[in-house]
Structures are given as C-alpha cells and as structure tokens.
>>> print(open('structure29.cif').read())   # mmCIF, C-alpha atoms
data_data
#
loop_
_atom_site.group_PDB
_atom_site.id
_atom_site.type_symbol
_atom_site.label_atom_id
_atom_site.label_comp_id
_atom_site.auth_asym_id
_atom_site.auth_seq_id
_atom_site.Cartn_x
_atom_site.Cartn_y
_atom_site.Cartn_z
ATOM 1 C CA MET T 50 -99.928 76.500 158.769
ATOM 2 C CA ALA T 51 -99.782 73.463 161.039
ATOM 3 C CA THR T 52 -99.998 70.140 159.161
ATOM 4 C CA LYS T 53 -99.945 66.545 160.351
ATOM 5 C CA CYS T 54 -97.140 64.311 159.065
ATOM 6 C CA VAL T 55 -98.437 61.112 157.451
ATOM 7 C CA HIS T 56 -95.208 59.111 157.784
ATOM 8 C CA LYS T 57 -95.660 55.821 159.652
ATOM 9 C CA GLY T 58 -94.423 56.092 163.232
ATOM 10 C CA CYS T 59 -94.380 59.910 163.220
ATOM 11 C CA GLY T 60 -97.821 61.513 162.942
ATOM 12 C CA LYS T 61 -96.658 64.826 164.454
ATOM 13 C CA VAL T 62 -98.226 68.185 163.681
ATOM 14 C CA PHE T 63 -95.542 70.413 162.134
ATOM 15 C CA THR T 64 -95.123 73.917 160.756
ATOM 16 C CA ASP T 65 -91.474 73.710 159.659
ATOM 17 C CA PRO T 66 -91.072 71.394 156.622
ATOM 18 C CA ASP T 67 -87.334 71.077 157.340
ATOM 19 C CA GLU T 68 -87.878 69.770 160.872
ATOM 20 C CA PRO T 69 -86.382 66.260 161.325
ATOM 21 C CA CYS T 70 -88.909 63.428 161.048
ATOM 22 C CA VAL T 71 -88.247 59.988 162.546
ATOM 23 C CA TYR T 72 -90.395 57.318 160.904
ATOM 24 C CA HIS T 73 -90.695 53.856 159.290
ATOM 25 C CA PRO T 74 -90.145 54.069 155.508
ATOM 26 C CA GLY T 75 -91.171 50.458 154.904
ATOM 27 C CA PRO T 76 -94.616 48.800 155.068
ATOM 28 C CA PRO T 77 -95.795 46.755 158.086
ATOM 29 C CA VAL T 78 -95.154 43.008 158.077
ATOM 30 C CA PHE T 79 -97.511 40.511 159.756
ATOM 31 C CA HIS T 80 -96.458 36.871 159.476
ATOM 32 C CA GLU T 81 -97.432 33.843 161.553
ATOM 33 C CA GLY T 82 -98.438 35.963 164.552
ATOM 34 C CA GLN T 83 -95.329 38.161 164.452
ATOM 35 C CA LYS T 84 -95.577 41.875 163.744
ATOM 36 C CA GLY T 85 -92.938 44.362 162.614
ATOM 37 C CA TRP T 86 -91.798 46.695 159.846
ATOM 38 C CA ASN T 87 -90.145 45.755 156.563
ATOM 39 C CA CYS T 88 -87.487 48.457 157.095
ATOM 40 C CA CYS T 89 -86.105 47.178 160.443
ATOM 41 C CA LYS T 90 -85.681 43.909 162.346
ATOM 42 C CA PRO T 91 -87.689 43.953 165.615
ATOM 43 C CA ARG T 92 -90.586 41.488 165.615
ATOM 44 C CA VAL T 93 -93.196 41.395 168.388
ATOM 45 C CA LEU T 94 -96.355 39.445 169.188
ATOM 46 C CA THR T 95 -98.955 42.026 170.245
ATOM 47 C CA PHE T 96 -100.350 45.059 168.454
ATOM 48 C CA GLU T 97 -99.451 47.327 171.383
ATOM 49 C CA GLU T 98 -95.796 46.254 171.151
ATOM 50 C CA PHE T 99 -95.885 46.704 167.370
ATOM 51 C CA MET T 100 -97.118 50.297 167.681
ATOM 52 C CA GLU T 101 -94.236 51.084 170.059
ATOM 53 C CA ILE T 102 -91.402 49.778 167.845
ATOM 54 C CA PRO T 103 -89.141 52.853 167.581
ATOM 55 C CA PRO T 104 -88.876 54.398 164.099
ATOM 56 C CA CYS T 105 -85.648 53.565 162.270
ATOM 57 C CA THR T 106 -85.136 56.370 159.724
ATOM 58 C CA THR T 107 -84.661 60.137 159.969
ATOM 59 C CA GLY T 108 -85.871 62.376 157.157
ATOM 60 C CA LYS T 109 -88.338 65.228 156.707
ATOM 61 C CA HIS T 110 -92.046 65.453 157.436
ATOM 62 C CA SER T 111 -94.470 64.842 154.597
ATOM 63 C CA THR T 112 -98.156 65.223 153.793
ATOM 64 C CA VAL T 113 -97.909 62.526 151.105
ATOM 65 C CA ASP T 114 -97.668 58.898 152.217
ATOM 66 C CA ASP T 115 -94.713 57.515 150.254
ATOM 67 C CA THR T 116 -94.577 54.175 152.091
ATOM 68 C CA PRO T 117 -94.118 51.447 149.438
ATOM 69 C CA LYS T 118 -96.974 48.995 149.151
ATOM 70 C CA PRO T 119 -96.240 45.332 149.965
ATOM 71 C CA GLU T 120 -95.415 43.458 146.799
ATOM 72 C CA LYS T 121 -98.240 41.282 145.526
ATOM 73 C CA LYS T 122 -97.094 37.940 144.217
ATOM 74 C CA ALA T 123 -98.510 36.897 140.863
ATOM 75 C CA ALA T 124 -100.801 33.910 140.982
ATOM 76 C CA PRO T 125 -98.948 30.801 139.822
ATOM 77 C CA GLU T 126 -100.063 29.086 136.660
ATOM 78 C CA VAL T 127 -102.344 26.150 137.337
ATOM 79 C CA SER T 128 -101.334 22.878 135.746
ATOM 80 C CA ALA T 129 -102.524 19.334 136.071
ATOM 81 C CA PRO T 130 -101.282 17.855 139.346
ATOM 82 C CA ALA T 131 -98.629 15.193 139.036
ATOM 83 C CA PRO T 132 -99.369 11.870 140.713
ATOM 84 C CA ALA T 133 -97.961 11.691 144.207
ATOM 85 C CA PRO T 134 -94.960 9.378 144.532
ATOM 86 C CA VAL T 135 -95.405 6.267 146.613
ATOM 87 C CA VAL T 136 -92.965 6.223 149.520
ATOM 88 C CA PRO T 137 -92.359 2.881 151.242
ATOM 89 C CA VAL T 138 -93.140 3.132 154.936
ATOM 90 C CA GLU T 139 -89.846 1.577 155.964
ATOM 91 C CA SER T 140 -87.766 4.150 154.036
ATOM 92 C CA ALA T 141 -89.715 7.279 154.961
ATOM 93 C CA ASN T 142 -87.823 9.672 157.234
ATOM 94 C CA PRO T 143 -89.779 12.945 157.234
ATOM 95 C CA ARG T 144 -88.685 16.060 159.095
ATOM 96 C CA VAL T 145 -91.340 16.437 161.752
ATOM 97 C CA ALA T 146 -91.813 18.006 165.156
ATOM 98 C CA THR T 147 -91.558 15.360 167.830
ATOM 99 C CA HIS T 148 -92.795 15.601 171.403
ATOM 100 C CA SER T 149 -91.040 14.110 174.402
ATOM 101 C CA PRO T 150 -91.087 14.881 178.122
ATOM 102 C CA ALA T 151 -89.120 17.801 179.507
ATOM 103 C CA ILE T 152 -89.234 21.071 177.512
ATOM 104 C CA PRO T 153 -92.346 23.277 177.605
ATOM 105 C CA PRO T 154 -93.715 24.537 174.281
ATOM 106 C CA PRO T 155 -93.394 28.236 173.449
ATOM 107 C CA SER T 156 -95.994 30.357 175.181
ATOM 108 C CA ASN T 157 -98.699 31.772 172.933
ATOM 109 C CA ALA T 158 -100.430 33.667 175.716
ATOM 110 C CA PRO T 159 -100.978 37.308 174.780
ATOM 111 C CA THR T 160 -99.099 39.997 176.664
ATOM 112 C CA PRO T 161 -101.428 41.599 179.223
ATOM 113 C CA VAL T 162 -102.438 45.069 178.041
ATOM 114 C CA PRO T 163 -102.302 47.714 180.799
ATOM 115 C CA GLU T 164 -105.592 49.531 181.261
ATOM 116 C CA GLU T 165 -105.674 53.188 180.324
ATOM 117 C CA PRO T 166 -106.934 55.623 182.979
ATOM 118 C CA GLU T 167 -110.412 57.037 182.381
ATOM 119 C CA SER T 168 -109.311 60.685 182.296
ATOM 120 C CA ASP T 169 -106.321 63.040 182.395
ATOM 121 C CA ASP T 170 -104.874 64.248 185.669
ATOM 122 C CA PRO T 171 -106.015 67.901 185.921
ATOM 123 C CA ASP T 172 -102.717 68.835 187.598
ATOM 124 C CA LEU T 173 -100.620 67.681 184.605
ATOM 125 C CA ALA T 174 -99.752 70.014 181.730
ATOM 126 C CA ILE T 175 -100.642 68.714 178.275
ATOM 127 C CA PRO T 176 -97.687 69.011 175.850
ATOM 128 C CA GLU T 177 -98.134 70.874 172.600
ATOM 129 C CA ASN T 178 -99.210 68.561 169.751
ATOM 130 C CA ALA T 179 -100.018 65.712 172.192
ATOM 131 C CA THR T 180 -102.074 62.913 170.581
ATOM 132 C CA CYS T 181 -105.015 61.158 172.226
ATOM 133 C CA ARG T 182 -103.896 57.838 173.686
ATOM 134 C CA ARG T 183 -107.153 55.982 173.025
ATOM 135 C CA LYS T 184 -106.979 53.531 170.115
ATOM 136 C CA GLY T 185 -108.385 54.786 166.842
ATOM 137 C CA CYS T 186 -108.855 58.400 167.943
ATOM 138 C CA ASN T 187 -105.556 60.098 166.983
ATOM 139 C CA ALA T 188 -106.878 63.601 167.768
ATOM 140 C CA SER T 189 -104.225 66.235 168.491
ATOM 141 C CA TYR T 190 -104.446 68.594 171.457
ATOM 142 C CA ASN T 191 -105.751 72.053 170.590
ATOM 143 C CA PRO T 192 -105.329 74.563 173.457
ATOM 144 C CA ASP T 193 -107.821 76.893 171.747
ATOM 145 C CA VAL T 194 -110.644 74.373 172.187
ATOM 146 C CA SER T 195 -112.291 73.942 175.586
ATOM 147 C CA ARG T 196 -111.784 70.490 177.092
ATOM 148 C CA GLU T 197 -115.524 70.418 177.800
ATOM 149 C CA GLU T 198 -116.199 70.572 174.051
ATOM 150 C CA GLU T 199 -113.962 67.634 173.154
ATOM 151 C CA LYS T 200 -115.471 64.426 171.809
ATOM 152 C CA CYS T 201 -113.311 61.317 171.698
ATOM 153 C CA VAL T 202 -114.393 58.558 169.275
ATOM 154 C CA PHE T 203 -112.258 55.453 169.773
ATOM 155 C CA HIS T 204 -112.048 51.638 169.911
ATOM 156 C CA PRO T 205 -112.301 50.157 173.446
ATOM 157 C CA GLY T 206 -111.467 46.664 172.127
ATOM 158 C CA VAL T 207 -108.298 45.047 170.850
ATOM 159 C CA PRO T 208 -107.051 44.601 167.255
ATOM 160 C CA VAL T 209 -108.082 41.372 165.526
ATOM 161 C CA PHE T 210 -105.935 40.065 162.647
ATOM 162 C CA HIS T 211 -107.226 36.822 161.187
ATOM 163 C CA GLU T 212 -106.423 35.197 157.830
ATOM 164 C CA GLY T 213 -105.542 38.513 156.219
ATOM 165 C CA SER T 214 -108.515 40.497 157.530
ATOM 166 C CA LYS T 215 -107.998 43.264 160.076
ATOM 167 C CA GLY T 216 -110.400 44.933 162.472
ATOM 168 C CA TRP T 217 -111.316 45.548 166.117
ATOM 169 C CA SER T 218 -112.956 43.181 168.592
ATOM 170 C CA CYS T 219 -115.447 45.900 169.593
ATOM 171 C CA CYS T 220 -117.030 46.351 166.150
ATOM 172 C CA LYS T 221 -117.739 44.317 163.007
ATOM 173 C CA ARG T 222 -115.909 46.094 160.184
ATOM 174 C CA ARG T 223 -113.001 44.156 158.637
ATOM 175 C CA VAL T 224 -110.513 45.347 156.001
ATOM 176 C CA LEU T 225 -107.514 43.833 154.193
ATOM 177 C CA GLU T 226 -104.943 46.659 154.106
ATOM 178 C CA PHE T 227 -103.139 47.934 157.208
ATOM 179 C CA ASP T 228 -103.631 51.579 156.176
ATOM 180 C CA ALA T 229 -107.377 50.965 155.894
ATOM 181 C CA PHE T 230 -107.320 49.317 159.349
ATOM 182 C CA LEU T 231 -105.760 52.446 160.887
ATOM 183 C CA LYS T 232 -108.577 54.523 159.368
ATOM 184 C CA ILE T 233 -111.466 52.452 160.767
ATOM 185 C CA GLU T 234 -113.547 54.981 162.695
ATOM 186 C CA GLY T 235 -114.017 54.425 166.404
ATOM 187 C CA CYS T 236 -117.223 52.851 167.643
ATOM 188 C CA THR T 237 -117.447 54.365 171.150
ATOM 189 C CA GLU T 238 -117.646 58.014 172.188
ATOM 190 C CA LYS T 239 -116.501 59.736 175.359
ATOM 191 C CA LYS T 240 -116.364 63.332 176.464
ATOM 192 C CA LYS T 241 -112.749 64.622 176.542
ATOM 193 C CA HIS T 242 -109.682 62.990 175.008
ATOM 194 C CA LEU T 243 -106.968 61.181 176.973
ATOM 195 C CA PHE T 244 -103.674 62.994 176.369
ATOM 196 C CA VAL T 245 -101.508 62.435 179.483
ATOM 197 C CA GLY T 246 -103.339 60.047 181.812
ATOM 198 C CA LYS T 247 -102.560 60.003 185.509
ATOM 199 C CA GLY T 248 -99.476 61.427 187.207
ATOM 200 C CA LYS T 249 -96.554 59.227 188.203
ATOM 201 C CA PRO T 250 -96.166 58.284 191.865
ATOM 202 C CA ALA T 251 -93.541 60.137 193.847
ATOM 203 C CA GLY T 252 -90.188 58.378 193.755
ATOM 204 C CA GLU T 253 -89.192 55.397 191.657
ATOM 205 C CA GLU T 254 -91.822 52.699 191.139
ATOM 206 C CA LYS T 255 -90.651 49.129 191.712
ATOM 207 C CA VAL T 256 -91.606 46.511 189.118
ATOM 208 C CA ASP T 257 -91.968 43.128 190.861
ATOM 209 C CA THR T 258 -92.241 40.771 187.904
ATOM 210 C CA VAL T 259 -91.988 40.806 184.121
ATOM 211 C CA ARG T 260 -93.196 38.236 181.594
ATOM 212 C CA ASN T 261 -90.566 36.201 179.780
ATOM 213 C CA ASP T 262 -90.419 33.825 176.830
ATOM 214 C CA PHE T 263 -87.470 31.792 175.586
ATOM 215 C CA TYR T 264 -86.466 29.385 172.865
ATOM 216 C CA GLN T 265 -83.224 27.453 172.511
ATOM 217 C CA THR T 266 -80.825 26.013 169.997
ATOM 218 C CA ALA T 267 -78.096 23.448 170.562
ATOM 219 C CA THR T 268 -75.710 26.222 171.671
ATOM 220 C CA SER T 269 -77.786 29.056 173.143
ATOM 221 C CA VAL T 270 -80.918 30.057 175.049
ATOM 222 C CA ASN T 271 -82.605 33.164 173.623
ATOM 223 C CA VAL T 272 -84.728 35.035 176.166
ATOM 224 C CA SER T 273 -87.174 37.954 175.879
ATOM 225 C CA LEU T 274 -88.050 39.923 179.044
ATOM 226 C CA TYR T 275 -91.047 42.170 178.340
ATOM 227 C CA LEU T 276 -90.571 45.607 179.929
ATOM 228 C CA LYS T 277 -91.360 48.805 178.040
ATOM 229 C CA LYS T 278 -89.217 51.939 177.854
ATOM 230 C CA ILE T 279 -86.031 50.456 179.327
ATOM 231 C CA ASP T 280 -83.366 53.140 179.763
ATOM 232 C CA LYS T 281 -80.832 51.800 177.267
ATOM 233 C CA ASP T 282 -77.918 53.865 178.616
ATOM 234 C CA ASN T 283 -78.359 52.749 182.240
ATOM 235 C CA ALA T 284 -79.595 49.157 181.880
ATOM 236 C CA LYS T 285 -77.228 46.601 183.448
ATOM 237 C CA VAL T 286 -77.038 42.820 183.063
ATOM 238 C CA ASP T 287 -74.271 40.953 184.863
ATOM 239 C CA PHE T 288 -73.580 37.417 183.648
ATOM 240 C CA THR T 289 -71.969 34.720 185.779
ATOM 241 C CA THR T 290 -71.708 30.986 185.125
ATOM 242 C CA ASP T 291 -74.935 30.197 186.983
ATOM 243 C CA THR T 292 -76.854 33.496 187.247
ATOM 244 C CA ILE T 293 -77.853 36.722 185.543
ATOM 245 C CA ALA T 294 -78.310 39.886 187.646
ATOM 246 C CA LEU T 295 -80.727 42.415 186.124
ATOM 247 C CA ASP T 296 -80.986 46.126 186.909
ATOM 248 C CA LEU T 297 -83.386 47.718 184.416
ATOM 249 C CA PRO T 298 -84.509 51.321 185.009
ATOM 250 C CA THR T 299 -87.082 52.755 182.608
ATOM 251 C CA THR T 300 -87.556 56.230 181.233
ATOM 252 C CA ASP T 301 -90.953 56.499 182.983
ATOM 253 C CA ASN T 302 -89.559 56.248 186.525
ATOM 254 C CA LYS T 303 -89.784 52.489 187.068
ATOM 255 C CA ARG T 304 -87.116 49.890 187.844
ATOM 256 C CA TYR T 305 -86.949 46.102 187.641
ATOM 257 C CA LYS T 306 -84.202 44.382 189.652
ATOM 258 C CA ASP T 307 -83.785 40.647 190.088
ATOM 259 C CA THR T 308 -81.244 37.837 189.960
ATOM 260 C CA TYR T 309 -82.107 34.672 188.044
ATOM 261 C CA GLU T 310 -80.516 31.383 189.087
ATOM 262 C CA LEU T 311 -80.313 29.650 185.719
ATOM 263 C CA PHE T 312 -81.262 26.057 185.007
ATOM 264 C CA ALA T 313 -77.820 25.190 183.622
ATOM 265 C CA PRO T 314 -74.402 26.892 183.329
ATOM 266 C CA ILE T 315 -73.645 29.462 180.635
ATOM 267 C CA ASP T 316 -70.519 31.064 179.192
ATOM 268 C CA PRO T 317 -70.677 34.584 180.729
ATOM 269 C CA GLU T 318 -68.007 35.974 178.381
ATOM 270 C CA LYS T 319 -69.939 35.084 175.232
ATOM 271 C CA SER T 320 -73.448 35.837 176.520
ATOM 272 C CA LYS T 321 -74.932 39.240 175.652
ATOM 273 C CA PHE T 322 -78.043 41.424 175.765
ATOM 274 C CA ARG T 323 -79.713 44.240 173.848
ATOM 275 C CA VAL T 324 -82.504 46.688 174.662
ATOM 276 C CA LEU T 325 -85.488 47.104 172.305
ATOM 277 C CA GLY T 326 -88.511 49.368 172.593
ATOM 278 C CA THR T 327 -90.708 46.877 174.455
ATOM 279 C CA LYS T 328 -88.330 44.278 175.836
ATOM 280 C CA LEU T 329 -84.836 43.115 176.760
ATOM 281 C CA GLU T 330 -83.334 40.352 174.613
ATOM 282 C CA LEU T 331 -80.760 37.979 176.135
ATOM 283 C CA THR T 332 -78.544 35.508 174.310
ATOM 284 C CA LEU T 333 -77.254 32.986 176.845
ATOM 285 C CA VAL T 334 -74.509 30.800 175.396
ATOM 286 C CA LYS T 335 -74.779 27.308 176.880
ATOM 287 C CA GLY T 336 -71.854 26.099 178.902
ATOM 288 C CA ASP T 337 -72.455 22.359 178.461
ATOM 289 C CA GLY T 338 -75.047 21.921 175.681
ATOM 290 C CA THR T 339 -77.814 20.830 178.078
ATOM 291 C CA SER T 340 -81.447 21.171 176.951
ATOM 292 C CA TRP T 341 -83.262 23.601 179.234
ATOM 293 C CA PRO T 342 -86.792 22.601 180.341
ATOM 294 C CA VAL T 343 -87.159 25.994 182.091
ATOM 295 C CA LEU T 344 -85.231 29.251 182.283
ATOM 296 C CA LYS T 345 -84.751 29.395 186.060
ATOM 297 C CA LYS T 346 -84.098 26.542 188.451
ATOM 298 C CA ASP T 347 -87.188 27.360 190.523
ATOM 299 C CA ASP T 348 -89.558 27.566 187.532
ATOM 300 C CA ARG T 349 -92.251 24.904 187.292
ATOM 301 C CA TRP T 350 -91.735 22.207 184.652
ATOM 302 C CA THR T 351 -94.679 21.522 182.346
ATOM 303 C CA GLY T 352 -93.402 18.116 181.222
ATOM 304 C CA GLU T 353 -93.418 18.553 177.442
ATOM 305 C CA ARG T 354 -90.643 19.107 174.914
ATOM 306 C CA ILE T 355 -90.939 20.405 171.364
ATOM 307 C CA GLN T 356 -87.929 19.457 169.282
ATOM 308 C CA ILE T 357 -87.611 20.610 165.697
ATOM 309 C CA GLY T 358 -85.476 18.528 163.402
ATOM 310 C CA SER T 359 -85.148 15.192 161.689
ATOM 311 C CA ALA T 360 -87.043 12.384 163.352
ATOM 312 C CA GLY T 361 -85.351 9.057 163.820
ATOM 313 C CA ARG T 362 -86.355 5.925 161.963
ATOM 314 C CA ALA T 363 -89.152 3.938 163.443
#
>>> encode(input="structure29.cif", output="structure tokens")
Amino acid sequence: MATKCVHKGCGKVFTDPDEPCVYHPGPPVFHEGQKGWNCCKPRVLTFEEFMEIPPCTTGKHSTVDDTPKPEKKAAPEVSAPAPAPVVPVESANPRVATHSPAIPPPSNAPTPVPEEPESDDPDLAIPENATCRRKGCNASYNPDVSREEEKCVFHPGVPVFHEGSKGWSCCKRRVLEFDAFLKIEGCTEKKKHLFVGKGKPAGEEKVDTVRNDFYQTATSVNVSLYLKKIDKDNAKVDFTTDTIALDLPTTDNKRYKDTYELFAPIDPEKSKFRVLGTKLELTLVKGDGTSWPVLKKDDRWTGERIQIGSAGRA
C-alpha cells in the first residue's frame, strides 16, 4: 500500500519501507530573519529558499514524525531589579554600531519570487508521485483520477513570520508551531493541480543577471549570488587579483556567465567558493585590507557605512 513519508524535506509516496529516504532530522530554525534547519548549516532569507535547502541525512521512510521538538527554555526566576550603575559620561565607551560615509548597509530587500504558471503544459508527462507545486496544496499525482476532477486548494500569498506567529498573507489564520503552519489549509481553489508547469525552451536559457549580497570583515569579503539549482559538478569560478569569472550552468537548462571587475584586489590563491541549493557563496580574501563600499567597480555607491565594533571616545 502506498504511503506518504512524513519526514521533513522528503514527503514522497512510497511502497517499499526499505527505500532510501533523504530528509532533515532536525527541527526548523528561524532567527532574526534567517531560516534554516537545526541539523545542517545553510541559512537563507526567504521561505522559498528555505523550502529548497537540500536534505542532509539519508535513512528510511517513516509514517511517524520523529523530528525532535525545539527545546523550550524555562522561564527565569523573577527577582527584584538591582539599581542600574551610574556610568560617568566621560568614561563610557559602549560597543555600538557607528555610521560613516562609504559602505552601504546590508540589503534587506526580499528575493523576488518567480511566478508559477497557471497550468501544466499538456505535452509534458507528469512523473509518478509528483507533488502539486502550489503552496499549501501538497497533493500527489494520481493517474487513476481524471485531471478534470482535480481540485487544488492552496495559498496564493506569501508566508508571514512575525514575532513568533506564522501564517500566510492571503488569509488571517496564525499559528506558533512550524508543523501547524505547514498544515494551514489553503484559502483559494482552482480546478486542476500544478505538477510540472510549462516546458523548457529549446536550447540553453541565458540568465542575464542575478541578485547578490555581501558583507565584509577586516580580511575578507563574503558574497552570496542567488541562483537556484546550480550544477555543482560543472560550476566554474576563476579568481584573479582584480576579477572573478563566473560560469554557472544549472540543472534546469540555464546558464549564468559574467566577469566581475572587483572594487579592490584579492588574493586569488586563498579565495574560494561553494555551491548551495539556492545560491553560490564566495569568500574573497582581501589583498590589501581595504574596506569595500561596493562589490564591483561599476556598482553605484550609496554613501553609507555600517561598522560593527568598539566606538572611539568622544
């Protein structure tokens, strides 16, 4: 009898209990806007990127959710507050964030979410056990049911996580637990599920631009280039003192190629990259310790710097 695996990150319908299952054994972690899993290291900003973090553990399918619950910290004992110490103004030297011209603050703009097509391409075959791609539906493809009889109940909005509550922008219900959030029933109905979407264009599709974010330390510039499904085995990044040359094919027949002329020199021998499920991460080791206001020489300066550390005495 076919049964659906309840492991996080799997969700496949299976008949063989000994079939390998790739999943996340740990609970989800949401902290200060970042999203990830307790069992592995990738952290992302958007819900769509979070749902595409590749599972990190191989085991067997299960119908019992054995994901450990996040530990709840005991409430601290309340005692009478001690009087605040008086700190002379002239001796105070707090660690604060200071602002000065040059470096732009980190971008908090959300990653644009690509729109899903309205319907499946009738010329494309639907794989066995395919799952509906609309958010909140999770229906599995059943070849014995006519497509005309399908009803898809889903969320057309985006996830909303705010001060511990979780829900969807398209409806009012809010819950506290992530598992309960995944079970919030859809609020919009359409005829037919969306299993495969539209067909890919003939030939390789060129990607013109990708979004990037970066932050820096005294010795390195750490860059994220957001491109999904990068082909890890064929991705190439060539480092020189002043440039990085990118050749990033994806597993869905796309390719991003570009050469960045960097703001300042780097050490190409020590610089490195790694491919994650939704992005490419670059560690550029600074060649001269310069603070970078922008990543590329031709990027526009915004005229503000955020520096974290110990402020000087006034």
>>> residues_around(input="structure29.cif", residues="region 54-71 of chain T", least_positions_apart="4", cutoff="8 Å", atoms="all atoms listed in the file", output="PDB file with C-alpha atoms, in the coordinates of the input")
ATOM      1  CA  MET T  50     -99.928  76.500 158.769  1.00  0.00           C
ATOM      2  CA  MET T 100     -97.118  50.297 167.681  1.00  0.00           C
ATOM      3  CA  PRO T 103     -89.141  52.853 167.581  1.00  0.00           C
ATOM      4  CA  PRO T 104     -88.876  54.398 164.099  1.00  0.00           C
ATOM      5  CA  CYS T 105     -85.648  53.565 162.270  1.00  0.00           C
ATOM      6  CA  THR T 106     -85.136  56.370 159.724  1.00  0.00           C
ATOM      7  CA  THR T 107     -84.661  60.137 159.969  1.00  0.00           C
ATOM      8  CA  GLY T 108     -85.871  62.376 157.157  1.00  0.00           C
ATOM      9  CA  LYS T 109     -88.338  65.228 156.707  1.00  0.00           C
ATOM     10  CA  HIS T 110     -92.046  65.453 157.436  1.00  0.00           C
ATOM     11  CA  SER T 111     -94.470  64.842 154.597  1.00  0.00           C
ATOM     12  CA  THR T 112     -98.156  65.223 153.793  1.00  0.00           C
ATOM     13  CA  VAL T 113     -97.909  62.526 151.105  1.00  0.00           C
ATOM     14  CA  ASP T 114     -97.668  58.898 152.217  1.00  0.00           C
ATOM     15  CA  ASP T 115     -94.713  57.515 150.254  1.00  0.00           C
ATOM     16  CA  THR T 116     -94.577  54.175 152.091  1.00  0.00           C
ATOM     17  CA  ASN T 178     -99.210  68.561 169.751  1.00  0.00           C
ATOM     18  CA  SER T 189    -104.225  66.235 168.491  1.00  0.00           C
TER      19      SER T 189
END
>>> resolve_selection(input="structure29.cif", expression="the PyMOL selection byres ((chain T and resi 167-173) around 12)", output="list in words")
Glu164, Glu165, Pro166, Ala174, Ile175, Pro176, Cys181, Arg182, Arg183, Arg196, Cys201, Pro205, Lys239, Lys240, Lys241, His242, Leu243, Phe244, Val245, Gly246, Lys247, Gly248 and Lys249 of chain T
>>> residues_around(input="structure29.cif", residues="region 209-214 of chain T", least_positions_apart="4", cutoff="8 Å", atoms="all atoms listed in the file", output="short mmCIF file (atom, residue, chain, number, x, y, z; two decimals) with C-alpha atoms, keeping the file's coordinate frame")
data_model
loop_
_atom_site.label_atom_id
_atom_site.label_comp_id
_atom_site.auth_asym_id
_atom_site.auth_seq_id
_atom_site.Cartn_x
_atom_site.Cartn_y
_atom_site.Cartn_z
CA SER T 218 -112.96 43.18 168.59
CA ARG T 223 -113.00 44.16 158.64
CA VAL T 224 -110.51 45.35 156.00
CA LEU T 225 -107.51 43.83 154.19
CA GLU T 226 -104.94 46.66 154.11
#
>>> residues_around(input="structure29.cif", residues="Leu297 (chain T)", least_positions_apart="5", cutoff="6 Å", atoms="all atoms listed in the file", output="list in words")
Ala284, Arg304 and Tyr305 of chain T
>>> closest_residue(input="structure29.cif", among="T:Lys53, T:His73, T:Lys215, T:Lys345", to="Phe263 (chain T)", atoms="only C-alpha atoms")
T:Lys345
>>> resolve_selection(input="structure29.cif", expression="the PyMOL selection byres ((chain T and resi 325) around 9)", output="ChimeraX atom specification")
/T:91,102-103,277-279,281,323-324,326-330
>>> atom_distance(input="structure29.cif", atom1="CA of Cys88 (chain T)", atom2="CA of Pro74 (chain T)")
6.4 Å
>>> residues_around(input="structure29.cif", residues="Asn87 (chain T)", least_positions_apart="5", cutoff="7 Å", atoms="all atoms listed in the file", output="number ranges by chain")
T: 75-78
>>> atom_distance(input="structure29.cif", atom1="CA of Glu310 (chain T)", atom2="CA of Val272 (chain T)")
14.1 Å
>>> residues_around(input="structure29.cif", residues="Tyr190 (chain T)", least_positions_apart="2", cutoff="7 Å", atoms="all atoms listed in the file", output="PyMOL selection string")
chain T and resi 177-180+188+192
>>> resolve_selection(input="structure29.cif", expression="the PyMOL selection byres ((chain T and resi 303) around 6)", output="ChimeraX atom specification")
/T:253-255,298-299,301-302,304
>>> write_last_selection(input="structure29.cif", atoms="C-alpha atoms", output="CSV table (one decimal), keeping the file's coordinate frame")
chain,number,residue,atom,x,y,z
T,253,GLU,CA,-89.2,55.4,191.7
T,254,GLU,CA,-91.8,52.7,191.1
T,255,LYS,CA,-90.7,49.1,191.7
T,298,PRO,CA,-84.5,51.3,185.0
T,299,THR,CA,-87.1,52.8,182.6
T,301,ASP,CA,-91.0,56.5,183.0
T,302,ASN,CA,-89.6,56.2,186.5
T,304,ARG,CA,-87.1,49.9,187.8
>>> closest_residue(input="structure29.cif", among="T:Ser269, T:Glu318, T:Asn191, T:Asp307", to="Thr289 (chain T)", atoms="only C-alpha atoms")
T:Glu318
